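K.L.:
So I've got this file, run.cif, and it contains mmCIF, C-alpha atoms and all ligand atoms:
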```cif
data_query
loop_
_atom_site.label_atom_id
_atom_site.label_comp_id
_atom_site.auth_asym_id
_atom_site.auth_seq_id
_atom_site.Cartn_x
_atom_site.Cartn_y
_atom_site.Cartn_z
CA MET W 1 99.03 96.71 143.68
CA GLN W 2 101.52 94.14 142.57
CA ARG W 3 103.24 96.59 140.26
CA THR W 4 103.73 99.12 143.07
CA ALA W 5 105.19 96.43 145.30
CA LEU W 6 107.63 95.43 142.58
CA ARG W 7 108.82 98.96 141.94
CA ARG W 8 109.30 99.79 145.63
CA PRO W 9 110.39 96.66 147.51
CA LEU W 10 110.53 98.18 151.01
CA PHE W 11 110.29 94.87 152.78
CA SER W 12 112.54 92.43 151.12
CA SER W 13 110.80 89.31 152.42
CA LEU W 14 107.45 90.59 151.19
CA HIS W 15 109.14 91.45 147.88
CA THR W 16 110.55 87.96 147.53
CA THR W 17 107.18 86.40 148.28
CA LEU W 18 105.43 88.61 145.75
CA VAL W 19 107.99 87.94 143.03
CA ALA W 20 107.68 84.23 143.65
CA SER W 21 103.90 84.34 143.53
CA ILE W 22 103.83 86.48 140.35
CA SER W 23 106.35 84.18 138.67
CA ALA W 24 104.26 81.17 139.60
CA THR W 25 101.14 82.84 138.20
CA LEU W 26 102.89 83.77 134.96
CA LEU W 27 104.22 80.27 134.56
CA ALA W 28 100.83 78.73 135.24
CA THR W 29 99.05 81.08 132.81
CA GLY W 30 101.73 81.13 130.14
CA GLY W 31 102.11 84.89 130.69
CA SER W 32 98.45 85.70 130.18
CA ALA W 33 98.15 87.41 133.57
CA LEU W 34 100.64 90.02 132.34
CA ALA W 35 98.96 90.25 128.95
CA GLN W 36 95.66 90.90 130.70
CA SER W 37 97.07 93.79 132.67
CA ALA W 38 98.05 95.43 129.33
CA GLN W 39 94.51 95.16 127.97
CA PRO W 40 92.42 98.26 127.53
CA ALA W 41 89.66 98.84 130.04
CA PRO W 42 86.34 97.37 128.93
CA GLY W 43 84.61 99.84 126.65
CA ALA W 44 87.80 101.79 125.96
CA LYS W 45 87.89 103.77 122.74
CA ILE W 46 89.69 102.46 119.67
CA LYS W 47 92.52 104.87 118.93
CA VAL W 48 93.06 105.61 115.24
CA GLY W 49 96.15 107.55 114.18
CA PHE W 50 95.97 109.33 110.84
CA MET W 51 99.42 109.89 109.38
CA LEU W 52 98.64 111.75 106.18
CA PRO W 53 99.80 114.75 104.15
CA TYR W 54 97.77 117.82 105.12
CA THR W 55 100.15 120.25 103.39
CA GLY W 56 102.02 120.21 100.06
CA THR W 57 101.20 118.73 96.66
CA TYR W 58 99.30 115.77 98.21
CA ALA W 59 97.29 117.78 100.79
CA ALA W 60 93.94 117.25 99.05
CA LEU W 61 94.59 113.49 98.92
CA GLY W 62 95.16 113.29 102.67
CA SER W 63 91.98 115.11 103.51
CA ALA W 64 89.90 113.02 101.08
CA ILE W 65 91.21 109.85 102.78
CA GLU W 66 90.33 111.20 106.22
CA ASN W 67 86.88 112.28 104.99
CA GLY W 68 86.14 108.84 103.58
CA PHE W 69 87.31 107.09 106.74
CA ARG W 70 85.29 109.32 109.08
CA MET W 71 82.20 109.01 106.93
CA TYR W 72 82.15 105.23 107.22
CA VAL W 73 82.62 105.43 111.00
CA GLN W 74 79.81 108.02 111.23
CA GLN W 75 77.56 105.68 109.29
CA GLN W 76 78.15 103.06 111.99
CA GLY W 77 76.99 105.50 114.68
CA GLY W 78 80.56 106.60 115.42
CA LYS W 79 81.54 103.14 116.69
CA LEU W 80 83.42 100.11 115.37
CA GLY W 81 83.11 96.78 117.19
CA GLY W 82 80.87 98.56 119.70
CA ARG W 83 83.60 101.03 120.71
CA ASP W 84 83.85 104.76 120.16
CA ILE W 85 86.68 105.94 117.94
CA GLU W 86 89.26 108.47 119.07
CA TYR W 87 91.33 110.14 116.36
CA PHE W 88 94.91 111.37 116.43
CA LYS W 89 96.51 113.23 113.52
CA VAL W 90 99.99 113.93 112.21
CA ASP W 91 100.81 115.91 109.05
CA ASP W 92 103.51 113.82 107.36
CA GLU W 93 104.19 116.58 104.78
CA SER W 94 105.03 113.86 102.24
CA ASP W 95 108.53 114.03 103.72
CA PRO W 96 110.24 110.63 104.01
CA ALA W 97 112.94 112.03 106.33
CA LYS W 98 110.33 112.83 109.00
CA ALA W 99 108.42 109.56 108.67
CA PRO W 100 110.02 107.46 111.46
CA GLU W 101 109.63 110.26 114.01
CA ASN W 102 106.04 110.99 113.02
CA ALA W 103 105.01 107.33 113.10
CA THR W 104 106.71 106.90 116.47
CA LYS W 105 104.70 109.84 117.86
CA LEU W 106 101.43 108.12 117.03
CA ILE W 107 102.54 104.73 118.27
CA LYS W 108 104.51 105.60 121.42
CA ARG W 109 103.10 108.95 122.53
CA ASP W 110 99.46 108.53 121.50
CA GLN W 111 99.44 104.74 121.86
CA VAL W 112 97.16 104.27 118.87
CA ASP W 113 95.66 100.86 118.12
CA VAL W 114 96.01 101.37 114.39
CA VAL W 115 97.92 103.73 112.12
CA VAL W 116 96.06 104.78 108.98
CA GLY W 117 98.62 106.16 106.55
CA THR W 118 99.80 107.31 104.14
CA VAL W 119 99.83 108.76 100.60
CA HIS W 120 103.53 109.01 99.63
CA SER W 121 105.47 105.78 98.99
CA GLY W 122 108.73 107.10 100.47
CA VAL W 123 107.01 108.11 103.71
CA GLN W 124 105.26 104.72 103.70
CA MET W 125 108.55 102.89 103.92
CA GLY W 126 109.32 104.68 107.20
CA ILE W 127 105.86 103.90 108.61
CA VAL W 128 106.10 100.23 107.66
CA LYS W 129 109.44 99.93 109.45
CA VAL W 130 108.16 101.51 112.68
CA ALA W 131 104.86 99.59 112.56
CA LYS W 132 106.78 96.33 112.18
CA GLU W 133 109.18 97.12 115.02
CA ASN W 134 106.25 97.83 117.35
CA ASN W 135 103.86 95.22 115.91
CA THR W 136 101.27 97.98 115.45
CA LEU W 137 98.37 97.43 113.09
CA LEU W 138 98.80 99.50 109.92
CA ILE W 139 96.27 100.18 107.17
CA ILE W 140 97.70 101.88 104.08
CA PRO W 141 94.96 103.97 102.46
CA ASN W 142 96.94 105.03 99.37
CA ALA W 143 100.72 104.73 99.01
CA GLY W 144 101.54 102.07 96.45
CA ALA W 145 105.10 101.21 97.61
CA ASP W 146 105.47 97.70 96.19
CA GLU W 147 107.65 96.70 99.15
CA ALA W 148 104.79 97.08 101.69
CA THR W 149 103.03 94.05 100.22
CA GLY W 150 106.23 92.60 98.77
CA PRO W 151 109.55 92.03 100.55
CA LEU W 152 108.45 94.07 103.60
CA CYS W 153 105.00 92.51 103.93
CA GLY W 154 103.89 91.61 107.42
CA ALA W 155 100.98 90.12 109.35
CA ASN W 156 100.11 93.56 110.75
CA ILE W 157 100.46 95.46 107.42
CA PHE W 158 97.31 95.90 105.29
CA ARG W 159 96.51 98.00 102.23
CA THR W 160 93.13 99.14 100.87
CA SER W 161 94.49 100.93 97.81
CA PHE W 162 96.83 99.36 95.21
CA SER W 163 100.49 98.53 94.63
CA ASN W 164 102.33 100.93 92.31
CA TRP W 165 102.81 98.02 89.94
CA GLN W 166 99.05 97.48 89.45
CA PRO W 167 97.67 100.53 87.56
CA GLY W 168 100.88 100.76 85.51
CA TYR W 169 100.58 97.12 84.49
CA ALA W 170 96.95 97.64 83.46
CA MET W 171 97.85 100.56 81.17
CA GLY W 172 100.80 98.65 79.67
CA GLN W 173 98.37 95.98 78.61
CA VAL W 174 95.90 98.48 77.12
CA LEU W 175 98.53 100.28 75.01
CA ALA W 176 100.09 97.04 73.77
CA GLU W 177 96.66 95.79 72.74
CA ARG W 178 96.12 99.04 70.85
CA GLY W 179 99.19 98.19 68.80
CA MET W 180 101.42 100.97 70.13
CA LYS W 181 105.10 100.18 69.74
CA LYS W 182 107.20 103.07 71.02
CA VAL W 183 106.43 104.75 74.34
CA VAL W 184 108.26 107.34 76.46
CA THR W 185 107.60 107.44 80.21
CA LEU W 186 107.76 110.50 82.44
CA THR W 187 107.39 110.59 86.25
CA TRP W 188 108.61 111.98 89.52
CA LYS W 189 111.79 110.18 90.49
CA TYR W 190 110.68 108.22 93.54
CA ALA W 191 109.12 104.84 94.23
CA ALA W 192 105.58 105.62 93.05
CA GLY W 193 106.69 106.84 89.63
CA GLU W 194 109.47 104.32 89.17
CA GLN W 195 107.41 101.31 90.22
CA SER W 196 104.41 102.31 88.16
CA VAL W 197 106.68 102.62 85.11
CA LYS W 198 108.06 99.19 85.95
CA GLY W 199 104.56 97.69 85.99
CA PHE W 200 103.73 99.47 82.73
CA LYS W 201 106.89 98.23 81.06
CA GLU W 202 106.40 94.65 82.21
CA ALA W 203 102.99 94.38 80.54
CA PHE W 204 103.79 96.57 77.54
CA GLU W 205 107.05 94.89 76.56
CA ALA W 206 105.67 91.36 77.17
CA LYS W 207 103.25 92.08 74.33
CA GLY W 208 105.81 93.50 71.94
CA GLY W 209 105.98 97.21 72.83
CA LYS W 210 109.15 99.09 73.74
CA VAL W 211 109.76 101.81 76.31
CA VAL W 212 112.32 103.87 74.42
CA LYS W 213 113.11 106.42 77.11
CA GLU W 214 112.38 106.83 80.83
CA LEU W 215 112.37 110.47 81.88
CA SER W 216 111.98 111.84 85.39
CA LEU W 217 112.32 114.84 87.68
CA PRO W 218 112.64 115.03 91.47
CA PHE W 219 109.47 114.98 93.64
CA PRO W 220 107.63 117.35 94.03
CA ASN W 221 109.13 119.56 91.29
CA VAL W 222 106.77 120.93 88.66
CA GLU W 223 109.24 122.47 86.22
CA PHE W 224 108.09 120.22 83.37
CA GLN W 225 109.01 122.39 80.38
CA ALA W 226 112.39 120.94 79.41
CA LEU W 227 111.12 117.38 79.75
CA ILE W 228 108.01 118.08 77.69
CA THR W 229 110.25 119.47 74.95
CA GLU W 230 112.40 116.32 75.11
CA VAL W 231 109.35 114.04 74.84
CA ALA W 232 108.20 115.92 71.74
CA SER W 233 111.62 115.53 70.11
CA LEU W 234 111.49 111.74 70.60
CA LYS W 235 108.22 111.48 68.62
CA PRO W 236 106.82 108.44 70.48
CA ASP W 237 103.52 106.71 69.68
CA ALA W 238 102.41 107.67 73.18
CA VAL W 239 103.56 108.90 76.60
CA PHE W 240 102.85 107.16 79.91
CA VAL W 241 103.11 109.30 83.05
CA PHE W 242 102.68 109.11 86.80
CA PHE W 243 101.78 112.38 88.51
CA ALA W 244 99.21 113.06 91.21
CA GLY W 245 97.64 115.85 93.24
CA GLY W 246 98.80 119.42 92.61
CA GLY W 247 101.63 118.22 90.35
CA ALA W 248 99.17 116.36 88.10
CA VAL W 249 97.09 119.50 87.70
CA LYS W 250 100.11 121.47 86.54
CA PHE W 251 101.45 118.74 84.27
CA VAL W 252 98.21 118.28 82.34
CA LYS W 253 97.89 122.04 81.86
CA ASP W 254 101.52 122.40 80.76
CA TRP W 255 101.09 119.53 78.28
CA GLN W 256 98.20 121.34 76.64
CA ALA W 257 99.98 124.71 76.74
CA ALA W 258 102.95 123.13 74.92
CA GLY W 259 100.58 122.26 72.08
CA LEU W 260 101.00 118.49 72.49
CA LYS W 261 97.47 117.54 73.55
CA ASP W 262 96.33 116.68 70.04
CA LYS W 263 99.76 115.58 68.78
CA ILE W 264 101.07 112.88 71.14
CA PRO W 265 98.59 110.63 73.00
CA LEU W 266 99.03 111.06 76.76
CA TYR W 267 98.17 108.19 79.13
CA GLY W 268 98.72 107.61 82.81
CA SER W 269 97.68 105.80 85.91
CA GLY W 270 94.37 107.33 86.97
CA PHE W 271 95.92 109.57 89.64
CA LEU W 272 96.70 111.95 86.78
CA THR W 273 93.06 112.95 86.58
CA ASP W 274 91.49 111.89 89.90
CA GLY W 275 90.41 114.67 92.26
CA THR W 276 91.98 117.14 89.82
CA LEU W 277 89.45 117.69 87.03
CA GLU W 278 87.96 120.91 88.29
CA ALA W 279 91.42 122.53 88.31
CA GLN W 280 92.54 120.94 85.02
CA GLY W 281 89.48 122.06 83.04
CA THR W 282 89.68 121.66 79.28
CA ALA W 283 93.31 120.45 79.41
CA ALA W 284 92.17 117.08 80.77
CA GLN W 285 89.28 116.42 78.40
CA GLY W 286 89.53 113.05 76.64
CA LEU W 287 92.49 111.76 78.66
CA GLU W 288 92.45 108.00 79.23
CA THR W 289 93.80 106.38 82.36
CA THR W 290 93.63 103.09 84.29
CA LEU W 291 92.59 102.86 87.93
CA HIS W 292 90.66 100.73 90.42
CA TYR W 293 87.89 103.33 90.62
CA ALA W 294 85.93 105.32 88.05
CA ASP W 295 82.90 107.53 87.63
CA GLY W 296 79.79 105.84 86.28
CA LEU W 297 80.06 102.49 88.05
CA THR W 298 76.70 100.90 88.58
CA ASN W 299 76.98 99.08 91.90
CA ALA W 300 74.61 100.07 94.71
CA ARG W 301 77.39 100.72 97.19
CA ASP W 302 78.92 103.36 94.93
CA LYS W 303 75.60 105.13 94.46
CA THR W 304 74.98 105.58 98.18
CA PHE W 305 78.65 106.37 98.85
CA ARG W 306 78.64 109.20 96.34
CA THR W 307 75.36 110.66 97.51
CA ASP W 308 76.42 110.54 101.16
CA TYR W 309 79.87 111.99 100.46
CA ALA W 310 78.48 114.89 98.43
CA LYS W 311 75.94 115.60 101.17
CA THR W 312 78.47 115.39 104.01
CA TYR W 313 81.39 117.28 102.50
CA LYS W 314 79.81 119.31 99.65
CA LEU W 315 82.42 117.72 97.41
CA GLN W 316 82.51 114.97 94.80
CA PRO W 317 84.38 111.90 96.08
CA ASP W 318 87.49 110.59 94.34
CA VAL W 319 89.62 107.45 94.53
CA TYR W 320 91.32 108.70 97.70
CA ALA W 321 88.01 109.10 99.52
CA VAL W 322 87.10 105.55 98.45
CA GLN W 323 90.38 104.17 99.79
CA GLY W 324 89.85 105.94 103.14
CA TYR W 325 86.28 104.66 103.36
CA ASP W 326 87.51 101.14 102.69
CA ALA W 327 90.28 101.45 105.28
CA ALA W 328 87.53 102.05 107.84
CA GLN W 329 85.53 99.11 106.48
CA LEU W 330 88.55 96.85 106.81
CA LEU W 331 89.18 98.02 110.35
CA ALA W 332 85.51 97.38 111.13
CA ALA W 333 85.90 93.77 109.99
CA GLY W 334 88.73 93.33 112.50
CA ALA W 335 87.09 95.28 115.33
CA ASN W 336 83.73 93.53 114.99
CA ALA W 337 85.37 90.11 115.25
CA VAL W 338 86.74 90.96 118.73
CA LYS W 339 83.92 93.24 119.95
CA GLY W 340 86.31 96.17 119.85
CA ASP W 341 89.06 94.57 121.95
CA MET W 342 91.97 95.42 119.65
CA SER W 343 94.46 93.71 121.98
CA ARG W 344 93.26 90.38 120.51
CA LYS W 345 95.54 91.02 117.56
CA PRO W 346 95.72 87.56 115.95
CA GLU W 347 91.91 87.45 115.76
CA VAL W 348 91.75 91.02 114.40
CA ILE W 349 94.25 90.10 111.69
CA LYS W 350 92.47 86.87 110.81
CA ALA W 351 89.15 88.68 110.35
CA MET W 352 90.76 91.41 108.25
CA GLU W 353 92.46 88.84 106.04
CA ALA W 354 89.13 87.14 105.40
CA ALA W 355 87.20 90.36 104.74
CA LYS W 356 85.21 90.87 101.57
CA VAL W 357 85.23 94.64 101.36
CA ASP W 358 82.02 96.03 99.87
CA SER W 359 83.80 98.96 98.26
CA PRO W 360 82.35 101.68 96.02
CA ARG W 361 84.89 100.36 93.47
CA GLY W 362 83.21 96.91 93.61
CA VAL W 363 83.74 94.11 96.13
CA PHE W 364 87.38 93.21 96.71
CA THR W 365 89.32 90.68 98.75
CA LEU W 366 92.92 90.79 99.93
CA SER W 367 95.80 88.75 98.56
CA LYS W 368 97.96 86.68 100.90
CA ALA W 369 100.26 89.70 101.07
CA HIS W 370 97.28 91.91 102.19
CA ASN W 371 96.93 93.92 98.97
CA PRO W 372 93.57 94.30 97.14
CA VAL W 373 92.83 91.90 94.31
CA GLN W 374 90.70 94.15 92.13
CA ASP W 375 89.51 95.16 88.70
CA PHE W 376 91.35 97.95 86.88
CA TYR W 377 89.04 100.17 84.91
CA LEU W 378 89.83 102.04 81.74
CA ARG W 379 88.46 105.58 82.12
CA LYS W 380 88.10 108.58 79.86
CA VAL W 381 87.73 112.18 81.03
CA ASP W 382 84.39 113.68 80.10
CA GLY W 383 83.61 117.02 81.74
CA ARG W 384 84.21 116.62 85.48
CA GLU W 385 84.20 112.83 85.33
CA ASN W 386 86.60 109.94 84.76
CA LYS W 387 83.93 107.93 82.98
CA VAL W 388 84.38 104.18 82.99
CA SER W 389 84.76 102.81 79.47
CA GLY W 390 85.62 99.22 80.30
CA VAL W 391 87.66 96.88 82.48
CA ALA W 392 91.34 96.91 81.43
CA VAL W 393 92.32 93.94 83.60
CA LYS W 394 89.97 91.89 85.75
CA ALA W 395 90.85 90.81 89.31
CA LEU W 396 94.45 91.95 89.01
CA ALA W 397 96.67 90.72 91.86
CA ASP W 398 100.06 92.24 92.58
CA PRO W 399 102.73 89.53 92.16
CA ALA W 400 103.91 90.22 95.76
CA ARG W 401 107.48 89.34 94.85
CA GLY W 402 109.57 88.67 97.92
CA CYS W 403 106.64 88.44 100.38
CA ARG W 404 106.74 85.51 102.79
CA LEU W 405 103.59 85.40 104.85
C1 LIG W 501 102.59 107.14 96.15
O1 LIG W 501 103.54 107.85 96.51
O2 LIG W 501 102.59 105.91 96.33
C2 LIG W 501 101.41 107.76 95.51
C3 LIG W 501 101.12 109.08 95.71
C4 LIG W 501 100.00 109.64 95.12
C5 LIG W 501 99.17 108.87 94.34
C6 LIG W 501 99.46 107.54 94.11
C7 LIG W 501 100.60 106.98 94.69
O3 LIG W 501 98.08 109.40 93.78
#
```
Any chance you could give the structure as structure tokens?

P.N.:
Amino acid sequence: MQRTALRRPLFSSLHTTLVASISATLLATGGSALAQSAQPAPGAKIKVGFMLPYTGTYAALGSAIENGFRMYVQQQGGKLGGRDIEYFKVDDESDPAKAPENATKLIKRDQVDVVVGTVHSGVQMGIVKVAKENNTLLIIPNAGADEATGPLCGANIFRTSFSNWQPGYAMGQVLAERGMKKVVTLTWKYAAGEQSVKGFKEAFEAKGGKVVKELSLPFPNVEFQALITEVASLKPDAVFVFFAGGGAVKFVKDWQAAGLKDKIPLYGSGFLTDGTLEAQGTAAQGLETTLHYADGLTNARDKTFRTDYAKTYKLQPDVYAVQGYDAAQLLAAGANAVKGDMSRKPEVIKAMEAAKVDSPRGVFTLSKAHNPVQDFYLRKVDGRENKVSGVAVKALADPARGCRL
């Protein structure tokens, strides 16, 4: 009623009276009358916007994240905080140039309460920017862009995966402790590869190793041949790589085809062999990687998660499915605290910050910058599994350089 009167002030005296009375109310309530009118109707659905890659080299990663998320919600009877969940989806194509427009679609057009996305670090930067401008809750279910929980951290920005620095750092420590001295790195030339090499180098060189050459090719190119030849000519003690998804499948196969599998030890962050083993076959056997998830963990949560996932999707889960599942768990912590009223943002954020996420990877908490503090496992490929062989670094926290929260 009041809004209509304000838009169409046919009788100016009535208009003046209404304006005066609304102003008085706003003053008296500190603006809460207006805030209330923006609240969702009681019992309204919670709108979740998936911004994920559904095409391209990371397509399988996007769908595993969505699967994991939906499975957790299903296990809660389809509701979080007592509210039904309504999903919206955008294929981000792992294309950073389209990220601001895609994120804006979910936030402005679909009016989602939370964006869940994405996989690719470059796309993530665009989402973070738009989420910050609109103060929209964001849960990052994969992309490791260090900035998201570093210089661009924010009260509304959460991550249930890792920072690019983390798995790289863990492997740097492992190789240094094995007494390796001379390592060549090889990645796609974008944030995920570059930052994971940075983490690797920081740990490796602090303990006396040396990265003698950093090689790269543009994302998502898979013409690895010339670079593989160059690695071989450098005769390093080992190679550290970052590749994931379809590109990781091709790289591991090309490495074997070049005859290097038994000549130069190949290591990577665990994305190299996660969700990819069926396609990589014998080429992946014996590869060692570091990651915050592994096959063969013994916690009860992982057991039921794996059984349920296999039953629901007729697929084996991977790290991406775990991260999606945990994104839903983190959202549940926020939604439960406010009985589903996501407009109570400070309370949602407070509850999410305090959450102890009972993840299939093991229980984790969030750092002040909202990034998981978690164990990094050393894994070794055996058949179709990344079998856990130990903990490379316990409770590893990203340094969150530049984050002021
Ligand atoms: C990233 O771009 O941050 C990224 C992509 C795929 C992964 C890991 C990190 O598996």

K.L.:
Ligand LIG 501 (chain W): which residues are within 6 Å, counting only C-alpha atoms and all ligand atoms? Reply as JSON, numbers by chain.

P.N.:
{"W": [119, 120, 121, 143, 144, 145, 192, 244, 271]}

K.L.:
Can you write out as JSON lines which residues of segment 111-203 of chain W fall within 12 Å of segment 347-370 of chain W, alongside each residue's closest atom pair and its distance in Å to one decimal, counting all atoms listed in the file and ordering rows by chain and ascending residue number?

P.N.:
```
{"residue": "W:Asp113", "atom": "CA", "partner": "W:Val348", "partner_atom": "CA", "distance": 11.2}
{"residue": "W:Val114", "atom": "CA", "partner": "W:Val348", "partner_atom": "CA", "distance": 11.2}
{"residue": "W:Asn135", "atom": "CA", "partner": "W:Ile349", "partner_atom": "CA", "distance": 11.7}
{"residue": "W:Thr136", "atom": "CA", "partner": "W:Ile349", "partner_atom": "CA", "distance": 11.2}
{"residue": "W:Leu137", "atom": "CA", "partner": "W:Ile349", "partner_atom": "CA", "distance": 8.5}
{"residue": "W:Leu138", "atom": "CA", "partner": "W:Ile349", "partner_atom": "CA", "distance": 10.6}
{"residue": "W:Ile139", "atom": "CA", "partner": "W:His370", "partner_atom": "CA", "distance": 9.7}
{"residue": "W:Ile140", "atom": "CA", "partner": "W:His370", "partner_atom": "CA", "distance": 10.2}
{"residue": "W:Asp146", "atom": "CA", "partner": "W:Ala369", "partner_atom": "CA", "distance": 10.7}
{"residue": "W:Glu147", "atom": "CA", "partner": "W:Ala369", "partner_atom": "CA", "distance": 10.4}
{"residue": "W:Ala148", "atom": "CA", "partner": "W:Ala369", "partner_atom": "CA", "distance": 8.7}
{"residue": "W:Thr149", "atom": "CA", "partner": "W:Ala369", "partner_atom": "CA", "distance": 5.2}
{"residue": "W:Gly150", "atom": "CA", "partner": "W:Ala369", "partner_atom": "CA", "distance": 7.0}
{"residue": "W:Pro151", "atom": "CA", "partner": "W:Ala369", "partner_atom": "CA", "distance": 9.6}
{"residue": "W:Leu152", "atom": "CA", "partner": "W:Ala369", "partner_atom": "CA", "distance": 9.6}
{"residue": "W:Cys153", "atom": "CA", "partner": "W:Ala369", "partner_atom": "CA", "distance": 6.2}
{"residue": "W:Gly154", "atom": "CA", "partner": "W:Ala369", "partner_atom": "CA", "distance": 7.6}
{"residue": "W:Ala155", "atom": "CA", "partner": "W:Ile349", "partner_atom": "CA", "distance": 7.1}
{"residue": "W:Asn156", "atom": "CA", "partner": "W:Ile349", "partner_atom": "CA", "distance": 6.9}
{"residue": "W:Ile157", "atom": "CA", "partner": "W:His370", "partner_atom": "CA", "distance": 7.1}
{"residue": "W:Phe158", "atom": "CA", "partner": "W:His370", "partner_atom": "CA", "distance": 5.1}
{"residue": "W:Arg159", "atom": "CA", "partner": "W:His370", "partner_atom": "CA", "distance": 6.1}
{"residue": "W:Thr160", "atom": "CA", "partner": "W:Leu366", "partner_atom": "CA", "distance": 8.4}
{"residue": "W:Ser161", "atom": "CA", "partner": "W:His370", "partner_atom": "CA", "distance": 10.4}
{"residue": "W:Phe162", "atom": "CA", "partner": "W:His370", "partner_atom": "CA", "distance": 10.2}
{"residue": "W:Ser163", "atom": "CA", "partner": "W:His370", "partner_atom": "CA", "distance": 10.5}
```

K.L.:
When you look at segment 245-261 of chain W with a cut-off of 7 Å (counting only C-alpha atoms), what residues show up, excluding the ones that are within fewer than 3 positions of it in the same chain? I need them as a PDB file with C-alpha atoms, keeping the file's coordinate frame.

P.N.:
```
ATOM      1  CA  THR W  57     101.200 118.730  96.660  1.00  0.00           C
ATOM      2  CA  TYR W  58      99.300 115.770  98.210  1.00  0.00           C
ATOM      3  CA  LEU W  61      94.590 113.490  98.920  1.00  0.00           C
ATOM      4  CA  VAL W 222     106.770 120.930  88.660  1.00  0.00           C
ATOM      5  CA  PHE W 224     108.090 120.220  83.370  1.00  0.00           C
ATOM      6  CA  ILE W 264     101.070 112.880  71.140  1.00  0.00           C
ATOM      7  CA  LEU W 272      96.700 111.950  86.780  1.00  0.00           C
ATOM      8  CA  THR W 276      91.980 117.140  89.820  1.00  0.00           C
ATOM      9  CA  ALA W 279      91.420 122.530  88.310  1.00  0.00           C
ATOM     10  CA  GLN W 280      92.540 120.940  85.020  1.00  0.00           C
ATOM     11  CA  ALA W 283      93.310 120.450  79.410  1.00  0.00           C
ATOM     12  CA  ALA W 284      92.170 117.080  80.770  1.00  0.00           C
TER      13      ALA W 284
END
```

K.L.:
Would you compute the distance between atom CA of Lys263 of chain W and atom CA of Gly286 of chain W? Give it in Å to one decimal.

P.N.:
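Interatomic distance here is 13.1 Å.
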
K.L.:
I'd like the neighbourhood of segment 97-104 of chain W as a CSV table (one decimal) with C-alpha atoms, in the frame of the given file, where a residue qualifies if any of its atoms comes within 6 Å (using all atoms listed in the file), though same-chain residues fewer than 4 positions away should be ignored.

P.N.:
```
chain,number,residue,atom,x,y,z
W,108,LYS,CA,104.5,105.6,121.4
W,123,VAL,CA,107.0,108.1,103.7
W,126,GLY,CA,109.3,104.7,107.2
W,127,ILE,CA,105.9,103.9,108.6
```

K.L.:
Would you work out the distance separating atom CA of Ala203 of chain W from atom CA of Leu215 of chain W, expressed in Å to one decimal?

P.N.:
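The value is 18.7 Å.
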
K.L.:
Can you work out the spacing between atom CA of Asp375 of chain W and atom CA of Leu405 of chain W in Å, to one decimal?

P.N.:
23.5 Å

K.L.:
So that I can check the surroundings of segment 174-186 of chain W, please list as a list in words every protein, DNA and RNA residue that reaches within 6 Å of it, counting only C-alpha atoms and ignoring chain neighbours fewer than 2 positions away.

P.N.:
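Using only C-alpha atoms, the neighbours found are Met171, Gly172, Phe204, Lys207, Gly209, Lys210, Val211, Val212, Lys213, Glu214, Leu215, Ser216, Pro236, Asp237, Ala238, Val239, Phe240 and Val241 of chain W.
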
K.L.:
Would you save the residues from that selection as a PDB file, keeping the file's coordinate frame, using C-alpha atoms?

P.N.:
```
ATOM      1  CA  MET W 171      97.850 100.560  81.170  1.00  0.00           C
ATOM      2  CA  GLY W 172     100.800  98.650  79.670  1.00  0.00           C
ATOM      3  CA  PHE W 204     103.790  96.570  77.540  1.00  0.00           C
ATOM      4  CA  LYS W 207     103.250  92.080  74.330  1.00  0.00           C
ATOM      5  CA  GLY W 209     105.980  97.210  72.830  1.00  0.00           C
ATOM      6  CA  LYS W 210     109.150  99.090  73.740  1.00  0.00           C
ATOM      7  CA  VAL W 211     109.760 101.810  76.310  1.00  0.00           C
ATOM      8  CA  VAL W 212     112.320 103.870  74.420  1.00  0.00           C
ATOM      9  CA  LYS W 213     113.110 106.420  77.110  1.00  0.00           C
ATOM     10  CA  GLU W 214     112.380 106.830  80.830  1.00  0.00           C
ATOM     11  CA  LEU W 215     112.370 110.470  81.880  1.00  0.00           C
ATOM     12  CA  SER W 216     111.980 111.840  85.390  1.00  0.00           C
ATOM     13  CA  PRO W 236     106.820 108.440  70.480  1.00  0.00           C
ATOM     14  CA  ASP W 237     103.520 106.710  69.680  1.00  0.00           C
ATOM     15  CA  ALA W 238     102.410 107.670  73.180  1.00  0.00           C
ATOM     16  CA  VAL W 239     103.560 108.900  76.600  1.00  0.00           C
ATOM     17  CA  PHE W 240     102.850 107.160  79.910  1.00  0.00           C
ATOM     18  CA  VAL W 241     103.110 109.300  83.050  1.00  0.00           C
TER      19      VAL W 241
END
```

K.L.:
Using all atoms listed in the file, determine which residues lie at most 10 Å from segment 316-318 of chain W, disregarding the query and same-chain residues fewer than 5 positions distant; provide the list as a list in words.

P.N.:
Leu61, Ala64, Ile65, Asn67, Gly68, Phe271, Thr273, Asp274, Gly275, Thr276, Tyr293, Ala294, Asp295, Phe305, Arg306, Thr307, Asp308, Tyr309, Ala310, Lys311, Gln323, Arg384, Glu385 and Asn386 of chain W

K.L.:
Taking the point (94.0, 104.1, 85.3) as given in the file, collect each protein or nucleic acid residue that comes within 8 Å of it, counting all atoms listed in the file, and present the set as a list of chain:residue names.

P.N.:
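Taken together, the residues in range are W:Pro167, W:Gly168, W:Ala170, W:Met171, W:Gly268, W:Ser269, W:Gly270, W:Phe271, W:Glu288, W:Thr289, W:Thr290, W:Leu291, W:His292, W:Phe376, W:Tyr377, W:Leu378, W:Arg379.
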
K.L.:
Please provide as an NGL selection string all residues within 6 Å of segment 40-55 of chain W, with the sequence filter that same-chain residues fewer than 4 positions apart are discarded (counting only C-alpha atoms).

P.N.:
:W and (59 or 62 or 83-94 or 112-118)
